[in-house]
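> Dropping a structure here in structure tokens format, bear with me for questions.
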Amino acid sequence: MGPWLTLLAQLDSAQPEIKRQLDSWRQDECAYLAILKGHSFIGASQGTLDYFHTQRDSFINATPYDFSPRIQASGINSIEQAQQLIERVHQGEVVSTNWLHMSQLGRELPTRVSMLPATHQDGQVILVRFDPADRRAKRREDVSNGFDRLPPQLISSILEDSAEAVYISNRKHKVIAVNKAMCRIYGYSADQLLGRSSLELQGFCDISERQTDFLQSLEDRGSWQGETLKTRSDGSQFPAWESCRKLQIDGETFYVTLFSDISAKKRLESRLTQQAMVDTLTGLPNRHQLKLQLDQALVIAQEEGKLGAVIFMDLNGFKNVNDCFGHATGDKVLQLVAARLEASCIDKASIARLGGDEFTLVLSDCQDREEIEAISKQLLAIFDAPFEINGQKFYLGTSIGIALFPKHSDQAAQLLSFADTAMYCAKKSPTHVLFYDSQMHRDAQYKLKTINDLRHAFNLDQFKLAYQVIVNLDGSQVIGVEALLRWHKSEEEIVEACDFVPLLEETGLLINIGQWVLTTACEQVAKWRADTGKPLQACVNVSATQLEHPDFVQQVTRALISSGLPAKGLVLEITESALLRQPKRVKNTLLHLKALGVSIAIDDFGAGLSSLSKLGSLPIDTLKIDAGFAERLNEPQGRELCQAMIQLAQALKIQFVVEGVETLEQKQILAGMGQGFAQGYFYGYPTAAEQFTKANFILH
């Protein structure tokens, strides 16, 4: 068994699938195989050597990009791309990709390259398989490229007039031939270049490590390519991409070197890099540059034991600017915010815009937490004055989240995430500034898990409706039921609507769930009306999001038609806040519903920011007085407040329902205040439809 087969037999893998693939490749006698350790080949089959037209000594210790053009057909740099692919395999991934190789003779070899991670007695290695992309050319005879049939004088003329600089040196690295481009680029005449040391022209220092690598590569592999910095006759320097090849002809050694001036390319790369690092709208560093700055600040903080902070800012009220005045105005506002931040004279801060209306500051070398708090107050003060554009003044605020390093984390991505979490919590804080703490992270994780569970809850049939009766205060007759949504997460855990409906609204799931609630409640009450012969009403809670949906009236119509419930048998309960968010649209929707014959009730009236001026102008049929008023009926002031609410309903000639009635005393007090309705535990707890009996509908 030869050295190659011995090396191949020693490969192994802990992964069964990769182990089977290794065995399969070993048995394929036609496979072109090679083994990489690190970034260099340590072995290859004879088929691989023939494929690349090379010898074993030239192939061993070479890299994959030594047999590749500088740029792949996709435009990606071969060295960078190859290193990335090798790194992925070192992480345990199996990689297959199309690759353009070059044979030792300079012929293009379109190849399908497959790489498997494996282990060898010397450590981790990669087994590489080369499959020619053109399978018809598997073992074709070598075809001449035509140069061998051209007269030597023509070849000489081509080299002489080439736009790329070419020079040839002997085994002692003395220049023996140069072309016109070489003289033009360097600014020397041919006489001045001939006889000079080619190593002086390389752009390497005599003792440099790169020159040593260059010479070693020529000896080991017979070729070298890379970027150098060359010096013209006037002393100016320019970057060049150079390739050098060692040739043996008639027992003599020659080195053929080609290079091109890549100054324009480097300038373009520099400009593109600058553009990739800067937010084009504001001129501030963007997310990519911010992470680089933060990584650097983390290193310094760790070495010097300094305190630092990541401050995450989000503009309050910016969405209204975009919605009302357009994105062009919004962009100008962002530019003004960026200008104020830069002019704020916070010397320790690196300022960046992450996107949208989010800005981030990285603070380094802070004395203590108090200093960071002082800077956050300085940032808040930036928004005290309005932003003026074309005579229009915009008043904005900001919410600020702060993560400290290295206290909270020493990882850039995690710090940005923590500061972002703190910022969202700060939106609900009176001060609009919060430092991150671990509870925020736990709350955010719990919220994320809850949202994920909610996305599956409907398909898992975890949403259920419970019904609570509404009775007449005069005779205690049941006149309707309120449908209450419950989430049965498990047999032991039942979640009330107030704890998850906001999340349904936030994720956009509420429209579909709300439609299901509406349809199910209508169908159930229609059935009870038929069973009891009573004109029961279905009371269904409706969110602001549902009211604002353009298809909501059609959804209600479909629910009534499919269930057979008459329109007067449906009461839609809405909150006071729903009236304030988009008043014109909501009023229009309510008028359409009223035209259908559906009744409208204001739920939890008196618990929020009551808009009394709107009650008279909206088609409201019922006020549902918040349970907090019933709780205080045993107090004189509480009775007076409840009486005032009832008198308001009477003045507006609309019905009232008092929620939260739990005792006989409360019922009796309310009965003396006027003809109305009540709801609460005194009359019955919310109960599933299956558990409702005729007893639930008799006098209470």
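The chains in the structure tokens are called A, B, ... from first to last as shown; in each chain the residues are counted from 1, and the ligands are counted from 1 in the order shown.
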Show me, as a list in words, the residues that have an atom within 10 Å of Leu560 in chain A when counting only C-alpha atoms, minus same-chain residues fewer than 5 positions from it.

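The residues satisfying every condition are Leu518, Thr519, Cys522, Glu523, Ala526, Gln554, Gln555, Leu565, Pro566, Ala567, Gly569, Leu570 and Val598 of chain A.
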
> As a ChimeraX atom specification, please: every residue in range 107-294 of chain A that a backbone DSSP assignment puts in helix (DSSP H, G or I).

/A:135-137,147-149,152-161,180-186,190-193,198-202,209-220,263-277,287-294

> Counting only C-alpha atoms, which of A:Leu536, A:Val571, A:Ala73, A:Ile400 gets nearest to Gln477 in chain A?

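Closest residue, counting only C-alpha atoms: A:Leu536.
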
> In Å, rounded to a single decimal, give me how far CA of Tyr436 in chain A is from CA of Lys407 in chain A.

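Answer for the CA of Lys407 in chain A to CA of Tyr436 in chain A separation: 10.4 Å.
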
> To one decimal in Å, tell me the separation between CA of Leu258 in chain A and CA of Cys244 in chain A.

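Atom-to-atom, CA of Leu258 in chain A to CA of Cys244 in chain A, that is 6.4 Å.
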
> Excluding same-chain residues fewer than 6 positions from range 36-41 of chain A, what lies within 10 Å of it counting only C-alpha atoms, as a ChimeraX atom specification?

/A:59-66,82-83,86-87,90,115,117-120,122-128

> Skip Ala644 in chain A itself and residues of its chain fewer than 3 positions away, then list as a PyMOL selection string all residues within 12 Å of it, counting only C-alpha atoms.

chain A and resi 606+625+629+637-641+647-651+656+673-674

> Could you please take those selected residues and save N, CA and C atoms as an mmCIF file, in the first residue's frame?


data_model
loop_
_atom_site.group_PDB
_atom_site.id
_atom_site.type_symbol
_atom_site.label_atom_id
_atom_site.label_comp_id
_atom_site.auth_asym_id
_atom_site.auth_seq_id
_atom_site.Cartn_x
_atom_site.Cartn_y
_atom_site.Cartn_z
ATOM 1 N N GLY A 606 -65.470 54.626 32.726
ATOM 2 C CA GLY A 606 -65.039 55.297 33.945
ATOM 3 C C GLY A 606 -63.683 54.850 34.439
ATOM 4 N N ILE A 625 -70.506 50.052 33.290
ATOM 5 C CA ILE A 625 -69.792 50.799 34.320
ATOM 6 C C ILE A 625 -68.777 49.889 34.987
ATOM 7 N N PHE A 629 -66.444 50.702 40.538
ATOM 8 C CA PHE A 629 -67.492 51.497 41.166
ATOM 9 C C PHE A 629 -68.363 50.628 42.071
ATOM 10 N N GLN A 637 -68.965 58.149 49.164
ATOM 11 C CA GLN A 637 -68.445 58.731 47.925
ATOM 12 C C GLN A 637 -68.551 57.754 46.760
ATOM 13 N N GLY A 638 -68.342 56.469 47.060
ATOM 14 C CA GLY A 638 -68.455 55.456 46.026
ATOM 15 C C GLY A 638 -69.861 55.372 45.462
ATOM 16 N N ARG A 639 -70.871 55.451 46.364
ATOM 17 C CA ARG A 639 -72.270 55.418 45.904
ATOM 18 C C ARG A 639 -72.582 56.634 45.038
ATOM 19 N N GLU A 640 -72.057 57.791 45.450
ATOM 20 C CA GLU A 640 -72.318 59.009 44.684
ATOM 21 C C GLU A 640 -71.699 58.942 43.282
ATOM 22 N N LEU A 641 -70.485 58.389 43.205
ATOM 23 C CA LEU A 641 -69.845 58.254 41.893
ATOM 24 C C LEU A 641 -70.622 57.308 40.986
ATOM 25 N N GLN A 647 -76.744 58.264 36.258
ATOM 26 C CA GLN A 647 -77.486 59.448 35.813
ATOM 27 C C GLN A 647 -76.989 59.945 34.454
ATOM 28 N N LEU A 648 -75.696 59.801 34.197
ATOM 29 C CA LEU A 648 -75.156 60.171 32.889
ATOM 30 C C LEU A 648 -75.793 59.312 31.793
ATOM 31 N N ALA A 649 -75.870 57.992 32.052
ATOM 32 C CA ALA A 649 -76.500 57.097 31.071
ATOM 33 C C ALA A 649 -77.963 57.472 30.868
ATOM 34 N N GLN A 650 -78.656 57.775 31.978
ATOM 35 C CA GLN A 650 -80.068 58.138 31.871
ATOM 36 C C GLN A 650 -80.237 59.437 31.087
ATOM 37 N N ALA A 651 -79.340 60.398 31.322
ATOM 38 C CA ALA A 651 -79.425 61.672 30.603
ATOM 39 C C ALA A 651 -79.228 61.483 29.104
ATOM 40 N N PHE A 656 -77.569 51.027 30.999
ATOM 41 C CA PHE A 656 -76.321 50.846 31.741
ATOM 42 C C PHE A 656 -76.265 49.435 32.311
ATOM 43 N N MET A 673 -81.113 52.729 42.356
ATOM 44 C CA MET A 673 -80.547 53.850 41.598
ATOM 45 C C MET A 673 -81.182 54.029 40.221
ATOM 46 N N GLY A 674 -81.956 53.050 39.781
ATOM 47 C CA GLY A 674 -82.577 53.194 38.474
ATOM 48 C C GLY A 674 -82.706 51.864 37.767
#
